[in-house]
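Enquirer: Supplied structure: protein_25.pdb, PDB, C-alpha atoms and all ligand atoms.
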```pdb
ATOM      1  CA  MET A  97       3.937  24.850  11.209  1.00  0.00           C
ATOM      2  CA  ASP A  98       5.746  23.437  14.237  1.00  0.00           C
ATOM      3  CA  GLN A  99       7.275  19.988  13.962  1.00  0.00           C
ATOM      4  CA  THR A 100       4.783  18.163  16.168  1.00  0.00           C
ATOM      5  CA  LYS A 101       1.777  19.575  14.381  1.00  0.00           C
ATOM      6  CA  GLN A 102       3.364  18.797  11.043  1.00  0.00           C
ATOM      7  CA  ASP A 103       4.124  15.238  12.138  1.00  0.00           C
ATOM      8  CA  GLU A 104       0.512  14.791  13.151  1.00  0.00           C
ATOM      9  CA  GLU A 105      -0.845  16.104   9.905  1.00  0.00           C
ATOM     10  CA  TYR A 106       1.405  13.832   7.908  1.00  0.00           C
ATOM     11  CA  GLY A 107       0.274  10.847   9.925  1.00  0.00           C
ATOM     12  CA  TYR A 108       3.662  10.296  11.521  1.00  0.00           C
ATOM     13  CA  ASP A 109       2.021  10.150  14.937  1.00  0.00           C
ATOM     14  CA  LEU A 110       0.617   6.787  13.844  1.00  0.00           C
ATOM     15  CA  PHE A 111       4.140   5.433  13.495  1.00  0.00           C
ATOM     16  CA  PRO A 112       5.828   6.324  16.793  1.00  0.00           C
ATOM     17  CA  GLU A 113       9.073   4.587  15.911  1.00  0.00           C
ATOM     18  CA  ARG A 114       9.529   6.986  12.977  1.00  0.00           C
ATOM     19  CA  ASN A 115      10.427   9.653  15.542  1.00  0.00           C
ATOM     20  CA  THR A 116      13.815   8.301  16.425  1.00  0.00           C
ATOM     21  CA  GLY A 117      14.911   9.015  19.931  1.00  0.00           C
ATOM     22  CA  LYS A 118      11.419   9.595  21.185  1.00  0.00           C
ATOM     23  CA  HIS A 119      10.480   6.066  22.087  1.00  0.00           C
ATOM     24  CA  LYS A 120      11.427   4.647  25.440  1.00  0.00           C
ATOM     25  CA  LYS A 121      12.877   1.241  25.882  1.00  0.00           C
ATOM     26  CA  SER A 122      10.577  -0.880  27.954  1.00  0.00           C
ATOM     27  CA  GLN A 123       9.913  -4.460  28.885  1.00  0.00           C
ATOM     28  CA  ILE A 124       7.035  -4.483  26.457  1.00  0.00           C
ATOM     29  CA  ARG A 125       9.429  -3.559  23.684  1.00  0.00           C
ATOM     30  CA  ASP A 126      11.683  -6.484  24.503  1.00  0.00           C
ATOM     31  CA  SER A 127       8.813  -8.929  24.336  1.00  0.00           C
ATOM     32  CA  LEU A 128       7.861  -7.468  20.982  1.00  0.00           C
ATOM     33  CA  PHE A 129      11.110  -8.794  19.562  1.00  0.00           C
ATOM     34  CA  ILE A 130       9.199 -11.930  18.692  1.00  0.00           C
ATOM     35  CA  PHE A 131       6.624  -9.835  16.756  1.00  0.00           C
ATOM     36  CA  ASN A 132       9.460  -8.317  14.786  1.00  0.00           C
ATOM     37  CA  HIS A 133      10.877 -11.677  13.861  1.00  0.00           C
ATOM     38  CA  LYS A 134       7.476 -12.996  12.783  1.00  0.00           C
ATOM     39  CA  CYS A 135       6.937  -9.843  10.724  1.00  0.00           C
ATOM     40  CA  GLN A 136      10.278 -10.326   8.946  1.00  0.00           C
ATOM     41  CA  VAL A 137       9.487 -13.954   8.159  1.00  0.00           C
ATOM     42  CA  MET A 138       6.037 -13.083   6.767  1.00  0.00           C
ATOM     43  CA  LEU A 139       7.523 -10.212   4.767  1.00  0.00           C
ATOM     44  CA  THR A 140      10.115 -12.486   3.167  1.00  0.00           C
ATOM     45  CA  PHE A 141       7.396 -14.990   2.317  1.00  0.00           C
ATOM     46  CA  ALA A 142       5.231 -12.232   0.781  1.00  0.00           C
ATOM     47  CA  ILE A 143       7.940 -10.825  -1.471  1.00  0.00           C
ATOM     48  CA  GLU A 144       9.065 -14.271  -2.580  1.00  0.00           C
ATOM     49  CA  THR A 145       5.683 -15.855  -3.248  1.00  0.00           C
ATOM     50  CA  SER A 146       2.928 -13.260  -3.772  1.00  0.00           C
ATOM     51  CA  PRO A 147       2.387 -12.701  -7.516  1.00  0.00           C
ATOM     52  CA  TYR A 148       1.171  -9.162  -6.724  1.00  0.00           C
ATOM     53  CA  ALA A 149       4.356  -8.313  -4.855  1.00  0.00           C
ATOM     54  CA  LYS A 150       6.592 -10.009  -7.427  1.00  0.00           C
ATOM     55  CA  LEU A 151       5.025  -8.072 -10.280  1.00  0.00           C
ATOM     56  CA  LEU A 152       5.360  -4.746  -8.472  1.00  0.00           C
ATOM     57  CA  LEU A 153       8.956  -5.428  -7.431  1.00  0.00           C
ATOM     58  CA  GLY A 154       9.832  -6.390 -11.015  1.00  0.00           C
ATOM     59  CA  ALA A 155       8.150  -3.299 -12.439  1.00  0.00           C
ATOM     60  CA  MET A 156       9.987  -1.064  -9.985  1.00  0.00           C
ATOM     61  CA  LYS A 157      13.309  -2.674 -10.791  1.00  0.00           C
ATOM     62  CA  ASN A 158      12.663  -1.988 -14.474  1.00  0.00           C
ATOM     63  CA  SER A 159      11.869   1.643 -13.669  1.00  0.00           C
ATOM     64  CA  GLY A 160      15.185   2.018 -11.892  1.00  0.00           C
ATOM     65  CA  CYS A 161      13.838   1.685  -8.359  1.00  0.00           C
ATOM     66  CA  LYS A 162      15.228  -1.579  -7.088  1.00  0.00           C
ATOM     67  CA  VAL A 163      13.604  -2.456  -3.775  1.00  0.00           C
ATOM     68  CA  MET A 164      15.799  -3.999  -1.116  1.00  0.00           C
ATOM     69  CA  LYS A 165      14.179  -5.795   1.772  1.00  0.00           C
ATOM     70  CA  ASP A 166      16.417  -4.461   4.513  1.00  0.00           C
ATOM     71  CA  ARG A 167      16.611  -0.917   3.210  1.00  0.00           C
ATOM     72  CA  HIS A 168      13.044  -0.316   2.055  1.00  0.00           C
ATOM     73  CA  PHE A 169      10.906  -2.278   4.499  1.00  0.00           C
ATOM     74  CA  SER A 170      10.661  -1.768   8.206  1.00  0.00           C
ATOM     75  CA  CYS A 171       8.684  -3.818  10.724  1.00  0.00           C
ATOM     76  CA  GLU A 172       7.584  -1.509  13.525  1.00  0.00           C
ATOM     77  CA  ASP A 173       4.954  -1.045  16.200  1.00  0.00           C
ATOM     78  CA  CYS A 174       2.175   1.294  15.183  1.00  0.00           C
ATOM     79  CA  ASP A 175      -0.643   3.002  17.014  1.00  0.00           C
ATOM     80  CA  GLY A 176      -4.275   2.089  16.664  1.00  0.00           C
ATOM     81  CA  THR A 177      -5.274  -0.330  13.980  1.00  0.00           C
ATOM     82  CA  VAL A 178      -3.110   0.879  11.073  1.00  0.00           C
ATOM     83  CA  SER A 179      -1.491  -1.972   9.180  1.00  0.00           C
ATOM     84  CA  GLY A 180       1.171  -0.121   7.261  1.00  0.00           C
ATOM     85  CA  GLY A 181       2.328   3.050   5.612  1.00  0.00           C
ATOM     86  CA  PHE A 182       4.653   4.465   3.019  1.00  0.00           C
ATOM     87  CA  ASP A 183       7.147   7.005   4.304  1.00  0.00           C
ATOM     88  CA  ALA A 184       7.961   9.074   1.232  1.00  0.00           C
ATOM     89  CA  ALA A 185      10.681  11.013   3.048  1.00  0.00           C
ATOM     90  CA  SER A 186      12.784   7.884   3.532  1.00  0.00           C
ATOM     91  CA  SER A 187      11.229   5.768   0.718  1.00  0.00           C
ATOM     92  CA  GLN A 188      10.434   3.141   3.311  1.00  0.00           C
ATOM     93  CA  ILE A 189       7.452   0.877   3.687  1.00  0.00           C
ATOM     94  CA  VAL A 190       6.361   0.527   7.290  1.00  0.00           C
ATOM     95  CA  LEU A 191       4.739  -2.762   8.275  1.00  0.00           C
ATOM     96  CA  CYS A 192       2.880  -2.680  11.562  1.00  0.00           C
ATOM     97  CA  GLN A 193       4.177  -5.796  13.305  1.00  0.00           C
ATOM     98  CA  ASN A 194       1.716  -5.452  16.175  1.00  0.00           C
ATOM     99  CA  ASN A 195      -1.297  -5.362  13.839  1.00  0.00           C
ATOM    100  CA  ILE A 196      -0.416  -7.886  11.123  1.00  0.00           C
ATOM    101  CA  HIS A 197      -0.846 -11.464  12.296  1.00  0.00           C
ATOM    102  CA  GLN A 198      -1.741 -13.424   9.199  1.00  0.00           C
ATOM    103  CA  GLN A 199       0.193 -14.098   6.016  1.00  0.00           C
ATOM    104  CA  SER A 200      -2.737 -13.118   3.783  1.00  0.00           C
ATOM    105  CA  HIS A 201      -2.974  -9.788   5.600  1.00  0.00           C
ATOM    106  CA  MET A 202       0.782  -9.266   5.223  1.00  0.00           C
ATOM    107  CA  ASN A 203       0.548  -9.984   1.487  1.00  0.00           C
ATOM    108  CA  ARG A 204      -2.208  -7.392   1.089  1.00  0.00           C
ATOM    109  CA  VAL A 205      -0.397  -4.726   3.092  1.00  0.00           C
ATOM    110  CA  VAL A 206       2.893  -5.310   1.238  1.00  0.00           C
ATOM    111  CA  THR A 207       1.047  -5.049  -2.099  1.00  0.00           C
ATOM    112  CA  HIS A 208      -0.881  -1.923  -1.061  1.00  0.00           C
ATOM    113  CA  GLU A 209       2.251  -0.140   0.095  1.00  0.00           C
ATOM    114  CA  LEU A 210       4.271  -1.310  -2.929  1.00  0.00           C
ATOM    115  CA  ILE A 211       1.683   0.380  -5.165  1.00  0.00           C
ATOM    116  CA  HIS A 212       2.424   3.649  -3.331  1.00  0.00           C
ATOM    117  CA  ALA A 213       6.142   2.963  -3.741  1.00  0.00           C
ATOM    118  CA  PHE A 214       5.611   2.244  -7.454  1.00  0.00           C
ATOM    119  CA  ASP A 215       3.734   5.542  -7.861  1.00  0.00           C
ATOM    120  CA  HIS A 216       6.490   7.303  -5.948  1.00  0.00           C
ATOM    121  CA  CYS A 217       9.053   5.752  -8.289  1.00  0.00           C
ATOM    122  CA  ARG A 218       7.367   6.456 -11.617  1.00  0.00           C
ATOM    123  CA  ALA A 219       5.971   9.920 -10.984  1.00  0.00           C
ATOM    124  CA  HIS A 220       6.847  12.988  -9.041  1.00  0.00           C
ATOM    125  CA  VAL A 221       4.216  12.512  -6.401  1.00  0.00           C
ATOM    126  CA  ASP A 222       3.745  15.427  -4.049  1.00  0.00           C
ATOM    127  CA  TRP A 223       2.433  13.376  -1.130  1.00  0.00           C
ATOM    128  CA  PHE A 224       2.334  16.219   1.341  1.00  0.00           C
ATOM    129  CA  ASN A 225       0.932  19.188  -0.503  1.00  0.00           C
ATOM    130  CA  ASN A 226      -1.128  17.772  -3.332  1.00  0.00           C
ATOM    131  CA  PHE A 227      -4.113  15.865  -1.946  1.00  0.00           C
ATOM    132  CA  LYS A 228      -5.102  14.767  -5.443  1.00  0.00           C
ATOM    133  CA  HIS A 229      -1.806  12.904  -5.817  1.00  0.00           C
ATOM    134  CA  LEU A 230      -2.352  11.173  -2.491  1.00  0.00           C
ATOM    135  CA  ALA A 231      -5.991  10.371  -3.354  1.00  0.00           C
ATOM    136  CA  CYS A 232      -4.975   8.929  -6.719  1.00  0.00           C
ATOM    137  CA  SER A 233      -2.415   6.593  -5.195  1.00  0.00           C
ATOM    138  CA  GLU A 234      -4.882   5.495  -2.471  1.00  0.00           C
ATOM    139  CA  ILE A 235      -7.508   4.725  -5.142  1.00  0.00           C
ATOM    140  CA  ARG A 236      -4.979   2.669  -7.106  1.00  0.00           C
ATOM    141  CA  ALA A 237      -3.743   0.874  -3.989  1.00  0.00           C
ATOM    142  CA  ALA A 238      -7.280  -0.062  -2.903  1.00  0.00           C
ATOM    143  CA  ASN A 239      -8.255  -1.062  -6.439  1.00  0.00           C
ATOM    144  CA  LEU A 240      -5.237  -3.181  -7.333  1.00  0.00           C
ATOM    145  CA  SER A 241      -4.030  -4.668  -4.041  1.00  0.00           C
ATOM    146  CA  GLY A 242      -6.956  -6.984  -3.390  1.00  0.00           C
ATOM    147  CA  ASP A 243      -8.101  -4.834  -0.458  1.00  0.00           C
ATOM    148  CA  CYS A 244     -11.579  -4.984  -1.972  1.00  0.00           C
ATOM    149  CA  SER A 245     -11.521  -8.539  -3.256  1.00  0.00           C
ATOM    150  CA  PHE A 246     -12.610 -10.403  -0.156  1.00  0.00           C
ATOM    151  CA  SER A 247     -15.647  -8.232   0.417  1.00  0.00           C
ATOM    152  CA  ASN A 248     -16.425  -8.731  -3.247  1.00  0.00           C
ATOM    153  CA  GLU A 249     -16.674 -12.453  -2.710  1.00  0.00           C
ATOM    154  CA  VAL A 250     -19.049 -11.957   0.189  1.00  0.00           C
ATOM    155  CA  ALA A 251     -21.178  -9.405  -1.615  1.00  0.00           C
ATOM    156  CA  ARG A 252     -21.280 -11.197  -4.940  1.00  0.00           C
ATOM    157  CA  PHE A 253     -24.828 -12.376  -4.397  1.00  0.00           C
ATOM    158  CA  ASN A 254     -26.095  -9.087  -3.085  1.00  0.00           C
ATOM    159  CA  PHE A 255     -24.636  -6.418  -5.316  1.00  0.00           C
ATOM    160  CA  GLY A 256     -23.581  -5.910  -8.852  1.00  0.00           C
ATOM    161  CA  LEU A 257     -19.961  -7.001  -8.599  1.00  0.00           C
ATOM    162  CA  LYS A 258     -18.528  -4.056 -10.476  1.00  0.00           C
ATOM    163  CA  GLU A 259     -20.386  -1.372  -8.605  1.00  0.00           C
ATOM    164  CA  HIS A 260     -19.623  -2.899  -5.259  1.00  0.00           C
ATOM    165  CA  HIS A 261     -15.923  -3.012  -6.079  1.00  0.00           C
ATOM    166  CA  GLN A 262     -15.949   0.660  -7.044  1.00  0.00           C
ATOM    167  CA  GLU A 263     -17.755   1.659  -3.855  1.00  0.00           C
ATOM    168  CA  CYS A 264     -15.304  -0.364  -1.788  1.00  0.00           C
ATOM    169  CA  VAL A 265     -12.340   1.333  -3.476  1.00  0.00           C
ATOM    170  CA  ARG A 266     -13.886   4.769  -3.000  1.00  0.00           C
ATOM    171  CA  GLY A 267     -14.585   4.157   0.689  1.00  0.00           C
ATOM    172  CA  ARG A 268     -11.135   2.779   1.386  1.00  0.00           C
ATOM    173  CA  ALA A 269      -9.392   5.636  -0.376  1.00  0.00           C
ATOM    174  CA  VAL A 270     -11.348   8.158   1.711  1.00  0.00           C
ATOM    175  CA  ARG A 271     -10.496   6.296   4.931  1.00  0.00           C
ATOM    176  CA  SER A 272      -6.815   6.076   4.023  1.00  0.00           C
ATOM    177  CA  ILE A 273      -6.634   9.825   3.413  1.00  0.00           C
ATOM    178  CA  LEU A 274      -8.435  10.573   6.668  1.00  0.00           C
ATOM    179  CA  ALA A 275      -5.961   8.362   8.555  1.00  0.00           C
ATOM    180  CA  VAL A 276      -2.996  10.503   7.532  1.00  0.00           C
ATOM    181  CA  ARG A 277      -4.358  13.996   6.889  1.00  0.00           C
ATOM    182  CA  LYS A 278      -6.407  16.264   9.098  1.00  0.00           C
ATOM    183  CA  ILE A 279      -9.184  17.148   6.684  1.00  0.00           C
ATOM    184  CA  SER A 280     -12.937  16.596   6.850  1.00  0.00           C
ATOM    185  CA  ARG A 281     -14.630  13.531   5.416  1.00  0.00           C
ATOM    186  CA  GLU A 282     -16.493  15.759   2.950  1.00  0.00           C
ATOM    187  CA  GLU A 283     -13.244  17.279   1.691  1.00  0.00           C
ATOM    188  CA  ALA A 284     -11.657  13.837   1.319  1.00  0.00           C
ATOM    189  CA  GLN A 285     -14.705  12.515  -0.549  1.00  0.00           C
ATOM    190  CA  LYS A 286     -14.676  15.493  -2.891  1.00  0.00           C
ATOM    191  CA  ILE A 287     -10.985  15.008  -3.749  1.00  0.00           C
ATOM    192  CA  VAL A 288     -11.463  11.269  -4.302  1.00  0.00           C
ATOM    193  CA  ASP A 289     -14.458  11.941  -6.594  1.00  0.00           C
ATOM    194  CA  GLU A 290     -12.486  14.462  -8.629  1.00  0.00           C
ATOM    195  CA  VAL A 291      -9.731  12.035  -9.553  1.00  0.00           C
ATOM    196  CA  PHE A 292     -11.649   8.753  -9.281  1.00  0.00           C
ATOM    197  CA  ASP A 293     -12.251   7.840 -12.923  1.00  0.00           C
ATOM    198  CA  SER A 294      -8.759   8.414 -14.228  1.00  0.00           C
ATOM    199  CA  CYS A 295      -7.048   6.796 -11.237  1.00  0.00           C
ATOM    200  CA  PHE A 296      -9.457   3.852 -11.016  1.00  0.00           C
ATOM    201  CA  ASN A 297      -8.757   3.092 -14.679  1.00  0.00           C
ATOM    202  CA  ASP A 298      -4.994   3.324 -14.305  1.00  0.00           C
ATOM    203  CA  HIS A 299      -4.022  -0.318 -13.761  1.00  0.00           C
ATOM    204  CA  ALA A 300      -0.255   0.005 -14.163  1.00  0.00           C
ATOM    205  CA  PRO A 301       1.734  -2.164 -13.843  1.00  0.00           C
ATOM    206  CA  PHE A 302      -0.929  -4.919 -13.690  1.00  0.00           C
ATOM    207  CA  GLY A 303      -2.673  -4.159 -16.963  1.00  0.00           C
ATOM    208  CA  ARG A 304      -5.982  -5.192 -15.355  1.00  0.00           C
ATOM    209  CA  ILE A 305      -7.657  -5.286 -11.958  1.00  0.00           C
ATOM    210  CA  PRO A 306      -6.335  -8.497 -10.416  1.00  0.00           C
ATOM    211  CA  HIS A 307      -9.268 -10.179  -8.670  1.00  0.00           C
ATOM    212  CA  GLY A 308      -7.320 -12.727  -6.674  1.00  0.00           C
ATOM    213  CA  ASN A 309      -4.009 -14.572  -6.790  1.00  0.00           C
ATOM    214  CA  LYS A 310      -4.760 -16.420 -10.021  1.00  0.00           C
ATOM    215  CA  ASP A 311      -5.436 -13.174 -11.854  1.00  0.00           C
ATOM    216  CA  ALA A 312      -2.307 -11.622 -10.393  1.00  0.00           C
ATOM    217  CA  LYS A 313      -0.308 -14.653 -11.510  1.00  0.00           C
ATOM    218  CA  PHE A 314      -1.517 -14.212 -15.095  1.00  0.00           C
ATOM    219  CA  ALA A 315      -0.753 -10.508 -14.956  1.00  0.00           C
ATOM    220  CA  TYR A 316       2.716 -11.309 -13.628  1.00  0.00           C
ATOM    221  CA  ARG A 317       3.341 -13.842 -16.409  1.00  0.00           C
ATOM    222  CA  GLU A 318       2.215 -11.361 -19.052  1.00  0.00           C
ATOM    223  CA  TYR A 319       4.386  -8.705 -17.517  1.00  0.00           C
ATOM    224  CA  ALA A 320       7.422 -11.008 -17.333  1.00  0.00           C
ATOM    225  CA  ASN A 321       6.926 -12.080 -20.962  1.00  0.00           C
ATOM    226  CA  ARG A 322       6.219  -8.666 -22.412  1.00  0.00           C
ATOM    227  CA  ASP A 323       9.782  -8.176 -23.696  1.00  0.00           C
ATOM    228  CA  ARG A 324       9.961 -11.599 -25.292  1.00  0.00           C
ATOM    229  CA  TYR A 325       7.458 -10.578 -27.929  1.00  0.00           C
ATOM    230  CA  TYR A 326       9.472  -7.582 -28.990  1.00  0.00           C
ATOM    231  CA  ALA A 327      12.725  -9.516 -28.827  1.00  0.00           C
ATOM    232  CA  ASN A 328      11.399 -11.911 -31.466  1.00  0.00           C
ATOM    233  CA  LEU A 329      10.425  -9.250 -33.952  1.00  0.00           C
TER     234      LEU A 329
HETATM  235 ZN    ZN B 401      -2.466   3.614   1.198  1.00  0.00          ZN
END
```
Taking this structure as input, can you express it in the form of structure tokens?
Expert:
Amino acid sequence: MDQTKQDEEYGYDLFPERNTGKHKKSQIRDSLFIFNHKCQVMLTFAIETSPYAKLLLGAMKNSGCKVMKDRHFSCEDCDGTVSGGFDAASSQIVLCQNNIHQQSHMNRVVTHELIHAFDHCRAHVDWFNNFKHLACSEIRAANLSGDCSFSNEVARFNFGLKEHHQECVRGRAVRSILAVRKISREEAQKIVDEVFDSCFNDHAPFGRIPHGNKDAKFAYREYANRDRYYANL
């Protein structure tokens, strides 16, 4: 496979700044400096205050994968409407500074991508060749990051809450796969269905599906206190 085709199939074409040396300096880029600064400020706020992010960062530290803001996060311009991505080759989380404008959105993207980073840390994920691995991590990211929580609130009166959440997770996982791999929707749906139950029920490191900040805060407290119990034995 030639490099360009490979880049496309791995979704790198969505993150033009990943191809170092390819991007041209322009006036637009200079004016985007302000986007970069805003992105950095929102990122710092997310990792210092979001209970989702704090729990994931703590869990990764305990698994021997300490995340450092400057090394493992990168605010960049992205194509289309993508909000972020996890670059397994460099273990970096890409935050799309031109597409993230609100703190709540930043918190969700940081959490979603940290779940991929957590999976990358704890298991030998073959992101590129094993579509089931990718599908599993996308299911977990959609399920646990709150990506499906807002629509849950809206749909609460119309649907059974549980079923709607599952359908939302399924749909988002399929879309995420299609954004980075050139396969058909049917293929993506089939792969997601194959691994859905086991990956949907894997709530690590939250221990539950956090439906909102309050839930995530409880999960974080439980997680932070989990050693205290054993220490007192
Ligand atoms: Zn994802």
Enquirer: Around ligand ZN 401 (chain B), which protein and nucleic acid residues have at least one atom no more than 9 Å from it, if we count only C-alpha atoms and all ligand atoms? List them as a list in words.
Expert: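 Listing the residues within 9 Å of ligand ZN 401 (chain B) gives Gly180, Gly181, Phe182, Val205, His208, Glu209, Ile211, His212, Leu230, Ala231, Ser233, Glu234, Ile235, Arg236, Ala237, Ala238, Arg268, Ala269, Ser272 and Ile273 of chain A.
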Enquirer: If you count only C-alpha atoms, which residues fall within 12 Å of A:Pro306, apart from same-chain ones fewer than 5 positions away, as a ChimeraX atom specification?
Expert: /A:147-148,151,207,236-245,261,299-301,311-316
Enquirer: Using only C-alpha atoms, which residues sit within 10 Å of A:Ala219 once same-chain residues fewer than 4 positions away are excluded, as a PyMOL selection string?
Expert: chain A and resi 214-215+229
Enquirer: Mind dumping a table of every stretch 180-225 of chain A residue within 8 Å of stretch 168-171 of chain A, with the nearest atom pair and its distance in Å to one decimal, using all atoms listed in the file, sorted by chain and rising number, as a tab-separated table?
Expert:
```
residue	atom	partner	partner_atom	distance
A:Ser187	CA	A:His168	CA	6.5
A:Gln188	CA	A:His168	CA	4.5
A:Ile189	CA	A:Phe169	CA	4.7
A:Val190	CA	A:Ser170	CA	5.0
A:Leu191	CA	A:Cys171	CA	4.8
A:Cys192	CA	A:Cys171	CA	6.0
A:Gln193	CA	A:Cys171	CA	5.6
```
Enquirer: So what do you get for atom CA of A:Leu210 versus atom CA of A:Trp223, distance-wise?
Expert: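 Between atom CA of A:Leu210 and atom CA of A:Trp223 the gap works out to 14.9 Å.
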Enquirer: If you measure from atom CA of A:Ser186 to atom CA of A:Phe129, what distance in Å do you get, rounded to one decimal?
Expert: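 Atom CA of A:Phe129 lies at a distance of 23.2 Å from atom CA of A:Ser186.
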Enquirer: Considering all atoms listed in the file, can you say which of A:Thr145, A:Asn203, A:Asn225, A:Gln262 comes closest to A:Ile305?
Expert: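 Of the candidates, the smallest distance to A:Ile305 is held by A:Gln262.
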Enquirer: Using all atoms listed in the file, can you tell me which of A:Gly160, A:Gly154, A:Gly267, A:Gly176 comes closest to A:Phe292?
Expert: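 Between A:Gly160, A:Gly154, A:Gly267, A:Gly176, the residue approaching A:Phe292 most closely is A:Gly267.
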Enquirer: Taking into account only C-alpha atoms, which residue in the set A:Val221, A:Leu110, A:Cys161, A:Ile196 is nearest to A:Met138?
Expert: A:Ile196
Enquirer: Translate the PyMOL selection byres (((chain A and resi 284) around 9) and not hetatm) into a concrete residue list for this structure, as a compact mmCIF listing (two decimals) with C-alpha atoms, keeping the file's coordinate frame.
Expert:
```
# COMPACT_ATOMS: atom_id res chain seq x y z
CA PHE A 227 -4.11 15.86 -1.95
CA ALA A 231 -5.99 10.37 -3.35
CA ALA A 269 -9.39 5.64 -0.38
CA VAL A 270 -11.35 8.16 1.71
CA ARG A 271 -10.50 6.30 4.93
CA ILE A 273 -6.63 9.82 3.41
CA LEU A 274 -8.44 10.57 6.67
CA ILE A 279 -9.18 17.15 6.68
CA SER A 280 -12.94 16.60 6.85
CA ARG A 281 -14.63 13.53 5.42
CA GLU A 282 -16.49 15.76 2.95
CA GLU A 283 -13.24 17.28 1.69
CA GLN A 285 -14.70 12.52 -0.55
CA LYS A 286 -14.68 15.49 -2.89
CA ILE A 287 -10.98 15.01 -3.75
CA VAL A 288 -11.46 11.27 -4.30
CA ASP A 289 -14.46 11.94 -6.59
```
Enquirer: Can you tell me how far atom CA of A:His216 sits from atom CA of A:Val265, in Å to one decimal?
Expert: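 Pair atom CA of A:His216 / atom CA of A:Val265 returns 19.9 Å.
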Enquirer: For A:Asn226, which residue out of A:Lys165, A:Gln136, A:Arg277, A:Phe111 is the nearest one, using all atoms listed in the file?
Expert: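 Residue with the minimum atom-to-atom distance to A:Asn226: A:Arg277.
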Enquirer: Here is a test: counting all atoms listed in the file, which residue of A:Asn195, A:Glu172, A:His201, A:Ala155 is nearest to A:Cys217?
Expert: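 Ranking A:Asn195, A:Glu172, A:His201, A:Ala155 by distance to A:Cys217, first place goes to A:Ala155.
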Enquirer: Box for stretch 213-227 of chain A: with edges along x, y and z, all listed atoms inside and 4 Å added on each side, what are the centre and edge lengths in Å to one decimal, as JSON?
Expert:
```
{"center_x": 2.5, "center_y": 10.7, "center_z": -5.1, "size_x": 21.2, "size_y": 24.9, "size_z": 21.0}
```
